[in-house]
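Read the structure below first, then the notes.
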Amino acid sequence: MIKFISQKLYIRVALSIAMVAIVVSILSSMLSYYSGFKEKKNTNYLLVKQLAQTMEKTAAIAAYLNDKELSQEIVNGLISNDLVQGASLQGETNAQGEIALFIANGTINKQKEAVSVKLVHPFLEGAYIGVLSIYPDDKFIQQQAQAALKKEFILMLIQSIVIAFFVSLVVQRWLTQPIQNLTDSFAKINPSEPETLKMLTFKQGKRDEISRLTHGINALMHELHLTISNEQTLRKKTQALEAKFRLIFEQASAGICLLDDKNTITTFNPAFEHYFTVPGEKELPTLHFPELLGNVDELQSLLVAIRSAQNPPQTTLDVECKVGHKTLWFHCLFVRLNDQRESKRHPQQLVEVILHDVTDRAERELQTRFEADHDPLTGLLNRRAGEKRLNKALQECTEHNQHLVLMMIDLDKFKPINDTYGHEAGDKVLIETAHRFKTLFHEKNDMCIRLGGDEFIVARLVTFYDKAATHQQAITLLNELQQAITIAPSKTCAIGASIGIAIAPTDGTQLHQLMHNGDKTLYHVKETGRGKVAFYEDIKN
């Protein structure tokens, strides 16, 4: 309770004023005492001197007459005064050196300061006949001064306390009470509840500091009420939008992720995690996006271009990648985002990536493209796709100073198999023949093409052309093709082949010219006995 009271502002103000008043009263009283005591002493000494001057003529007569009884009465009369501690009347010395008259009474201390008056001869001017000495009562004088000063101190103290009381009332009425009212009003305010932000009451028309402060606080609370109400409304809308977008983000069938400046994945949704999490693992194998898709160089260059472009459009890319033992195809949409929360001097450029698993579509497209480019029976390149690949190879020959070895191949003894065993057996022979082509020529720069019927092309793009090595490869192919082919559980057959070889760019820089020279060489072989290999450079002359 005492602690609570001591926290009241007006009580603390009153106590402070009272304490200051008491201290000032004590200091003033002490100063007044020391200065007043001397003044009182001087005043009393002056009174004693006046008393001595009053008794001067009477004492002079008593000394002149040498009347001891009168002198004694004079001294006793002086002693009866409270201001006098002692008195003496001393006459002139006679011829024998004796004092003619000496009367004393009270306490006489020669060391004390006495008030002395020389007694003038009643009849002779300028002649002295004695001395009247009066000794003031210093103790009485001090007591009188102390009593007066004590009374003065008490009156001053009471005055200070009364002043402090009324000052505290005024402070409480005009200062602390309005502040207390403001404090009580503020205690009822809850910033999270705008309805509690009520206007503070104050006397209209007043222009004092409290009224101006209250008016300013009301204006501030009005703005605060509007701000909080708008903020709460905005927060509710934001939370609703956030819930919707989070639902879309988390339940989207497409994989979504955000990349920072270092192409590190900072955020991803469950679909993205599902795409790239290897079975049996709980985390992504890496958070570096280009490494995750396995196409580092191309993706790094693409992301740099997206970030450096002035107004980059949305960029799409189909990417093939390995996840565990599976090969997946993703259609990726890249969008650059600017994070407004970052510093304007160093804005962070995020890239949003949206991935759709298009593996099924890609496989269908690859299958469709394969079927469009390959012979349906043998799986070799068909004539259209083969010629396209050969034209590209010829262009590389010109650009990189390479050579294209073109083998025109025609099967021997194939027609009798169709006629004897039927087309099903012929198809088996063609399939096995194509398999033997692909077994011997399966390098990156090798091309196996079926022109139609039993006509084929095997082409090789080589950096260094070696005729002997090429001849040996052709002979190996002939020997492989002459091996028996099983066309039924208990039936086999054997075929042969004739090969004509043309070399680009020596035997032609254009495909139609090269194929014509190769075909010319092939028919030369067939006309000269079949089952052999010939080079165009050997027959052109």
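Simple scheme: letters A, B, ... for chains in structure tokens order, numbers from 1 for residues in each chain, numbers from 1 for ligands in the order shown.
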Per DSSP on the backbone, what are the alpha helix (DSSP H) residues of region 121-354 of chain A, as an mmCIF file with C-alpha atoms, in the first residue's frame?
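selection33.cif written:
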```
data_model
loop_
_atom_site.group_PDB
_atom_site.id
_atom_site.type_symbol
_atom_site.label_atom_id
_atom_site.label_comp_id
_atom_site.auth_asym_id
_atom_site.auth_seq_id
_atom_site.Cartn_x
_atom_site.Cartn_y
_atom_site.Cartn_z
ATOM 1 C CA ASP A 138 24.759 37.510 28.063
ATOM 2 C CA LYS A 139 23.060 34.217 28.977
ATOM 3 C CA PHE A 140 19.675 35.874 29.267
ATOM 4 C CA ILE A 141 20.236 37.734 26.038
ATOM 5 C CA GLN A 142 21.182 34.430 24.273
ATOM 6 C CA GLN A 143 18.080 32.692 25.674
ATOM 7 C CA GLN A 144 15.912 35.526 24.467
ATOM 8 C CA ALA A 145 17.445 35.336 20.995
ATOM 9 C CA GLN A 146 17.033 31.546 20.846
ATOM 10 C CA ALA A 147 13.407 31.724 21.943
ATOM 11 C CA ALA A 148 12.628 34.349 19.348
ATOM 12 C CA LEU A 149 14.426 32.467 16.623
ATOM 13 C CA LYS A 150 12.761 29.169 17.586
ATOM 14 C CA LYS A 151 9.390 30.792 17.309
ATOM 15 C CA GLU A 152 10.399 32.262 13.972
ATOM 16 C CA PHE A 153 11.592 28.836 12.760
ATOM 17 C CA ILE A 154 8.329 27.144 13.774
ATOM 18 C CA LEU A 155 6.287 29.817 12.030
ATOM 19 C CA MET A 156 8.433 29.530 8.904
ATOM 20 C CA LEU A 157 8.155 25.729 8.935
ATOM 21 C CA ILE A 158 4.376 25.850 9.321
ATOM 22 C CA GLN A 159 4.248 28.365 6.516
ATOM 23 C CA SER A 160 6.366 26.112 4.286
ATOM 24 C CA ILE A 161 4.179 23.081 5.022
ATOM 25 C CA VAL A 162 1.003 25.025 4.321
ATOM 26 C CA ILE A 163 2.479 26.355 1.089
ATOM 27 C CA ALA A 164 3.600 22.831 0.099
ATOM 28 C CA PHE A 165 0.129 21.473 0.830
ATOM 29 C CA PHE A 166 -1.653 24.057 -1.259
ATOM 30 C CA VAL A 167 0.929 23.809 -4.019
ATOM 31 C CA SER A 168 0.413 20.012 -4.108
ATOM 32 C CA LEU A 169 -3.331 20.564 -4.343
ATOM 33 C CA VAL A 170 -2.842 22.916 -7.255
ATOM 34 C CA VAL A 171 -0.395 20.503 -8.932
ATOM 35 C CA GLN A 177 -5.020 14.604 -12.167
ATOM 36 C CA PRO A 178 -5.217 15.263 -15.948
ATOM 37 C CA ILE A 179 -2.110 13.133 -16.426
ATOM 38 C CA GLN A 180 -3.706 10.410 -14.285
ATOM 39 C CA ASN A 181 -6.837 10.592 -16.422
ATOM 40 C CA LEU A 182 -4.698 10.212 -19.564
ATOM 41 C CA THR A 183 -2.896 7.264 -17.977
ATOM 42 C CA ASP A 184 -6.182 5.560 -17.033
ATOM 43 C CA SER A 185 -7.495 6.097 -20.564
ATOM 44 C CA PHE A 186 -4.310 4.633 -22.053
ATOM 45 C CA ALA A 187 -4.588 1.611 -19.751
ATOM 46 C CA GLU A 209 -0.370 22.014 -22.452
ATOM 47 C CA ILE A 210 -2.499 19.096 -21.214
ATOM 48 C CA SER A 211 -5.343 19.970 -23.584
ATOM 49 C CA ARG A 212 -2.979 20.357 -26.524
ATOM 50 C CA LEU A 213 -1.314 17.050 -25.607
ATOM 51 C CA THR A 214 -4.704 15.310 -25.380
ATOM 52 C CA HIS A 215 -5.759 16.784 -28.703
ATOM 53 C CA GLY A 216 -2.531 15.551 -30.325
ATOM 54 C CA ILE A 217 -2.948 12.091 -28.794
ATOM 55 C CA ASN A 218 -6.531 11.901 -30.096
ATOM 56 C CA ALA A 219 -5.359 12.791 -33.598
ATOM 57 C CA LEU A 220 -2.617 10.174 -33.352
ATOM 58 C CA MET A 221 -5.050 7.514 -32.092
ATOM 59 C CA HIS A 222 -7.449 8.318 -34.911
ATOM 60 C CA GLU A 223 -4.714 7.711 -37.467
ATOM 61 C CA LEU A 224 -3.559 4.652 -35.546
ATOM 62 C CA HIS A 225 -7.119 3.300 -35.513
ATOM 63 C CA LEU A 226 -7.342 3.698 -39.287
ATOM 64 C CA THR A 227 -3.904 2.167 -39.795
ATOM 65 C CA ILE A 228 -4.620 -0.836 -37.556
ATOM 66 C CA SER A 229 -8.037 -1.391 -39.138
ATOM 67 C CA ASN A 230 -6.536 -1.258 -42.635
ATOM 68 C CA GLU A 231 -3.657 -3.467 -41.551
ATOM 69 C CA GLN A 232 -6.015 -6.052 -40.049
ATOM 70 C CA THR A 233 -8.153 -6.041 -43.180
ATOM 71 C CA LEU A 234 -5.068 -6.352 -45.355
ATOM 72 C CA ARG A 235 -3.686 -9.107 -43.118
ATOM 73 C CA LYS A 236 -6.905 -11.109 -43.417
ATOM 74 C CA LYS A 237 -6.841 -10.747 -47.198
ATOM 75 C CA THR A 238 -3.163 -11.641 -47.274
ATOM 76 C CA GLN A 239 -3.718 -14.694 -45.089
ATOM 77 C CA ALA A 240 -6.580 -15.802 -47.317
ATOM 78 C CA LEU A 241 -4.452 -15.326 -50.447
ATOM 79 C CA GLU A 242 -1.493 -17.019 -48.777
ATOM 80 C CA ALA A 243 -3.668 -20.005 -47.873
ATOM 81 C CA LYS A 244 -4.921 -20.232 -51.473
ATOM 82 C CA PHE A 245 -1.465 -19.880 -53.006
ATOM 83 C CA ARG A 246 0.016 -22.310 -50.485
ATOM 84 C CA LEU A 247 -2.711 -24.791 -51.398
ATOM 85 C CA ILE A 248 -1.935 -24.277 -55.082
ATOM 86 C CA PHE A 249 1.818 -24.496 -54.453
ATOM 87 C CA GLU A 250 1.692 -27.606 -52.290
ATOM 88 C CA GLN A 251 -0.947 -29.509 -54.254
ATOM 89 C CA PRO A 270 6.071 -31.695 -52.902
ATOM 90 C CA ALA A 271 5.613 -32.461 -56.623
ATOM 91 C CA PHE A 272 9.146 -31.219 -57.374
ATOM 92 C CA GLU A 273 10.533 -33.290 -54.510
ATOM 93 C CA HIS A 274 8.651 -36.347 -55.795
ATOM 94 C CA TYR A 275 10.112 -35.932 -59.279
ATOM 95 C CA PHE A 276 13.746 -35.923 -58.175
ATOM 96 C CA PHE A 289 19.543 -27.070 -60.050
ATOM 97 C CA PRO A 290 21.766 -27.612 -63.129
ATOM 98 C CA GLU A 291 23.457 -30.598 -61.472
ATOM 99 C CA LEU A 292 20.089 -31.994 -60.422
ATOM 100 C CA LEU A 293 18.948 -32.108 -64.038
ATOM 101 C CA VAL A 296 24.950 -28.298 -66.250
ATOM 102 C CA ASP A 297 26.533 -26.235 -69.046
ATOM 103 C CA GLU A 298 23.364 -25.622 -71.045
ATOM 104 C CA LEU A 299 21.294 -24.733 -67.976
ATOM 105 C CA GLN A 300 24.016 -22.486 -66.510
ATOM 106 C CA SER A 301 24.192 -20.510 -69.775
ATOM 107 C CA LEU A 302 20.410 -20.291 -70.020
ATOM 108 C CA LEU A 303 20.035 -18.983 -66.426
ATOM 109 C CA VAL A 304 22.789 -16.403 -66.955
ATOM 110 C CA ALA A 305 21.006 -15.176 -70.082
ATOM 111 C CA ILE A 306 17.670 -14.970 -68.231
ATOM 112 C CA ARG A 307 19.192 -12.877 -65.416
ATOM 113 C CA SER A 308 21.147 -10.553 -67.715
#
```
Legend entry - Proximity to Gln395 (chain A) - best of A:Ile409, A:Thr509, A:Asn311, A:Lys428, only C-alpha atoms: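 Looking only at the distances to Gln395 (chain A), the closest residue turns out to be A:Thr509.
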Inset, instruction - May I ask which of the residues A:Met408, A:Ile134, A:Ala468, A:Leu89 is the closest one to His524 (chain A), counting only C-alpha atoms? - result: A:Met408
Inset, instruction - Considering only C-alpha atoms, state which residue in the set A:Met19, A:Leu51, A:Leu337, A:Ile61 is at the smallest distance from Val120 (chain A). - result: A:Ile61
Inset, instruction - Could you please determine the separation between CA of Phe464 (chain A) and CA of Gly496 (chain A) in Å, to one decimal place? - result: 29.1 Å
Inset, instruction - Looking only at strand (DSSP E) from DSSP on the backbone, list the matching residues of region 422-524 of chain A as JSON, numbers by chain. - result: {"A": [446, 447, 448, 449, 450, 451, 452, 455, 456, 457, 458, 459, 460, 461, 462, 485, 486, 487, 488, 491, 492, 493, 496, 497, 498, 499, 500, 501, 502, 503, 504]}
Residue subset to file, keeping N, CA and C atoms, as a PDB file, in the first residue's frame:
```pdb
ATOM      1  N   ASP A 446      28.964 -43.756 -87.429  1.00  0.00           N
ATOM      2  CA  ASP A 446      28.546 -44.788 -88.389  1.00  0.00           C
ATOM      3  C   ASP A 446      27.069 -44.619 -88.704  1.00  0.00           C
ATOM      4  N   MET A 447      26.689 -44.864 -89.969  1.00  0.00           N
ATOM      5  CA  MET A 447      25.295 -44.766 -90.417  1.00  0.00           C
ATOM      6  C   MET A 447      24.934 -46.004 -91.223  1.00  0.00           C
ATOM      7  N   CYS A 448      23.833 -46.656 -90.829  1.00  0.00           N
ATOM      8  CA  CYS A 448      23.321 -47.832 -91.550  1.00  0.00           C
ATOM      9  C   CYS A 448      21.945 -47.474 -92.096  1.00  0.00           C
ATOM     10  N   ILE A 449      21.782 -47.567 -93.438  1.00  0.00           N
ATOM     11  CA  ILE A 449      20.576 -47.074 -94.100  1.00  0.00           C
ATOM     12  C   ILE A 449      20.037 -48.152 -95.022  1.00  0.00           C
ATOM     13  N   ARG A 450      18.657 -48.324 -94.980  1.00  0.00           N
ATOM     14  CA  ARG A 450      18.017 -49.199 -95.960  1.00  0.00           C
ATOM     15  C   ARG A 450      17.368 -48.310 -97.008  1.00  0.00           C
ATOM     16  N   LEU A 451      17.873 -48.443 -98.259  1.00  0.00           N
ATOM     17  CA  LEU A 451      17.323 -47.635 -99.343  1.00  0.00           C
ATOM     18  C   LEU A 451      15.991 -48.192 -99.832  1.00  0.00           C
ATOM     19  N   GLY A 452      15.808 -49.475 -99.667  1.00  0.00           N
ATOM     20  CA  GLY A 452      14.598 -50.131-100.149  1.00  0.00           C
ATOM     21  C   GLY A 452      14.915 -51.516-100.667  1.00  0.00           C
ATOM     22  N   GLU A 455      18.549 -53.253-100.876  1.00  0.00           N
ATOM     23  CA  GLU A 455      19.626 -52.297-101.094  1.00  0.00           C
ATOM     24  C   GLU A 455      19.871 -51.513 -99.792  1.00  0.00           C
ATOM     25  N   PHE A 456      21.161 -51.399 -99.447  1.00  0.00           N
ATOM     26  CA  PHE A 456      21.538 -50.747 -98.185  1.00  0.00           C
ATOM     27  C   PHE A 456      22.728 -49.830 -98.412  1.00  0.00           C
ATOM     28  N   ILE A 457      22.908 -48.922 -97.448  1.00  0.00           N
ATOM     29  CA  ILE A 457      24.106 -48.078 -97.416  1.00  0.00           C
ATOM     30  C   ILE A 457      24.693 -48.172 -96.009  1.00  0.00           C
ATOM     31  N   VAL A 458      26.005 -48.378 -95.957  1.00  0.00           N
ATOM     32  CA  VAL A 458      26.750 -48.240 -94.702  1.00  0.00           C
ATOM     33  C   VAL A 458      27.770 -47.135 -94.936  1.00  0.00           C
ATOM     34  N   ALA A 459      27.710 -46.067 -94.107  1.00  0.00           N
ATOM     35  CA  ALA A 459      28.613 -44.913 -94.279  1.00  0.00           C
ATOM     36  C   ALA A 459      29.342 -44.665 -92.970  1.00  0.00           C
ATOM     37  N   ARG A 460      30.579 -44.192 -93.100  1.00  0.00           N
ATOM     38  CA  ARG A 460      31.412 -43.883 -91.926  1.00  0.00           C
ATOM     39  C   ARG A 460      32.095 -42.545 -92.149  1.00  0.00           C
ATOM     40  N   LEU A 461      31.994 -41.662 -91.134  1.00  0.00           N
ATOM     41  CA  LEU A 461      32.678 -40.372 -91.169  1.00  0.00           C
ATOM     42  C   LEU A 461      33.980 -40.534 -90.403  1.00  0.00           C
ATOM     43  N   VAL A 462      35.112 -40.401 -91.144  1.00  0.00           N
ATOM     44  CA  VAL A 462      36.417 -40.645 -90.529  1.00  0.00           C
ATOM     45  C   VAL A 462      37.293 -39.409 -90.683  1.00  0.00           C
ATOM     46  N   ILE A 485      21.663 -68.137 -92.085  1.00  0.00           N
ATOM     47  CA  ILE A 485      20.601 -67.452 -91.353  1.00  0.00           C
ATOM     48  C   ILE A 485      19.484 -68.451 -91.106  1.00  0.00           C
ATOM     49  N   THR A 486      19.027 -68.549 -89.866  1.00  0.00           N
ATOM     50  CA  THR A 486      17.945 -69.472 -89.521  1.00  0.00           C
ATOM     51  C   THR A 486      16.624 -68.796 -89.850  1.00  0.00           C
ATOM     52  N   ILE A 487      15.852 -69.433 -90.708  1.00  0.00           N
ATOM     53  CA  ILE A 487      14.549 -68.871 -91.083  1.00  0.00           C
ATOM     54  C   ILE A 487      13.401 -69.684 -90.514  1.00  0.00           C
ATOM     55  N   ALA A 488      13.741 -70.866 -89.980  1.00  0.00           N
ATOM     56  CA  ALA A 488      12.739 -71.735 -89.344  1.00  0.00           C
ATOM     57  C   ALA A 488      13.500 -72.658 -88.408  1.00  0.00           C
ATOM     58  N   LYS A 491      15.390 -74.906 -90.626  1.00  0.00           N
ATOM     59  CA  LYS A 491      15.780 -74.446 -91.950  1.00  0.00           C
ATOM     60  C   LYS A 491      16.724 -73.268 -91.816  1.00  0.00           C
ATOM     61  N   THR A 492      17.767 -73.259 -92.657  1.00  0.00           N
ATOM     62  CA  THR A 492      18.685 -72.134 -92.750  1.00  0.00           C
ATOM     63  C   THR A 492      18.892 -71.800 -94.207  1.00  0.00           C
ATOM     64  N   CYS A 493      19.404 -70.607 -94.423  1.00  0.00           N
ATOM     65  CA  CYS A 493      19.726 -70.176 -95.774  1.00  0.00           C
ATOM     66  C   CYS A 493      20.943 -69.288 -95.719  1.00  0.00           C
ATOM     67  N   GLY A 496      24.638 -63.599 -99.944  1.00  0.00           N
ATOM     68  CA  GLY A 496      25.893 -62.891-100.114  1.00  0.00           C
ATOM     69  C   GLY A 496      25.601 -61.425-100.362  1.00  0.00           C
ATOM     70  N   ALA A 497      26.614 -60.643-100.747  1.00  0.00           N
ATOM     71  CA  ALA A 497      26.400 -59.219-100.997  1.00  0.00           C
ATOM     72  C   ALA A 497      27.494 -58.710-101.895  1.00  0.00           C
ATOM     73  N   SER A 498      27.192 -57.655-102.609  1.00  0.00           N
ATOM     74  CA  SER A 498      28.159 -56.938-103.440  1.00  0.00           C
ATOM     75  C   SER A 498      28.267 -55.525-102.889  1.00  0.00           C
ATOM     76  N   ILE A 499      29.503 -54.987-102.833  1.00  0.00           N
ATOM     77  CA  ILE A 499      29.727 -53.678-102.203  1.00  0.00           C
ATOM     78  C   ILE A 499      30.521 -52.800-103.158  1.00  0.00           C
ATOM     79  N   GLY A 500      29.950 -51.563-103.374  1.00  0.00           N
ATOM     80  CA  GLY A 500      30.663 -50.538-104.138  1.00  0.00           C
ATOM     81  C   GLY A 500      30.962 -49.358-103.218  1.00  0.00           C
ATOM     82  N   ILE A 501      32.218 -48.910-103.207  1.00  0.00           N
ATOM     83  CA  ILE A 501      32.642 -47.888-102.241  1.00  0.00           C
ATOM     84  C   ILE A 501      33.050 -46.621-102.977  1.00  0.00           C
ATOM     85  N   ALA A 502      32.492 -45.471-102.458  1.00  0.00           N
ATOM     86  CA  ALA A 502      32.876 -44.147-102.951  1.00  0.00           C
ATOM     87  C   ALA A 502      33.319 -43.319-101.741  1.00  0.00           C
ATOM     88  N   ILE A 503      34.329 -42.486-101.949  1.00  0.00           N
ATOM     89  CA  ILE A 503      34.915 -41.711-100.847  1.00  0.00           C
ATOM     90  C   ILE A 503      34.712 -40.222-101.121  1.00  0.00           C
ATOM     91  N   ALA A 504      34.130 -39.533-100.143  1.00  0.00           N
ATOM     92  CA  ALA A 504      33.997 -38.078-100.258  1.00  0.00           C
ATOM     93  C   ALA A 504      35.150 -37.440 -99.477  1.00  0.00           C
TER      94      ALA A 504
END
```
Neighbour list for region 374-377 of chain A as a short mmCIF file (atom, residue, chain, number, x, y, z; two decimals) with C-alpha atoms, in the first residue's frame, cut-off 9 Å, only C-alpha atoms, skip fewer than 6 positions in-chain:
```
data_model
loop_
_atom_site.label_atom_id
_atom_site.label_comp_id
_atom_site.auth_asym_id
_atom_site.auth_seq_id
_atom_site.Cartn_x
_atom_site.Cartn_y
_atom_site.Cartn_z
CA ARG A 383 15.98 -43.36 -97.31
CA ARG A 384 14.72 -39.88 -96.33
CA ALA A 385 16.39 -39.79 -92.90
CA GLY A 386 19.49 -41.49 -94.27
CA ASP A 427 11.78 -60.52 -93.74
CA LEU A 430 16.49 -58.66 -93.85
CA ILE A 431 16.16 -58.31 -90.08
CA ILE A 449 20.58 -47.07 -94.10
CA ARG A 450 18.02 -49.20 -95.96
CA GLY A 452 14.60 -50.13 -100.15
#
```
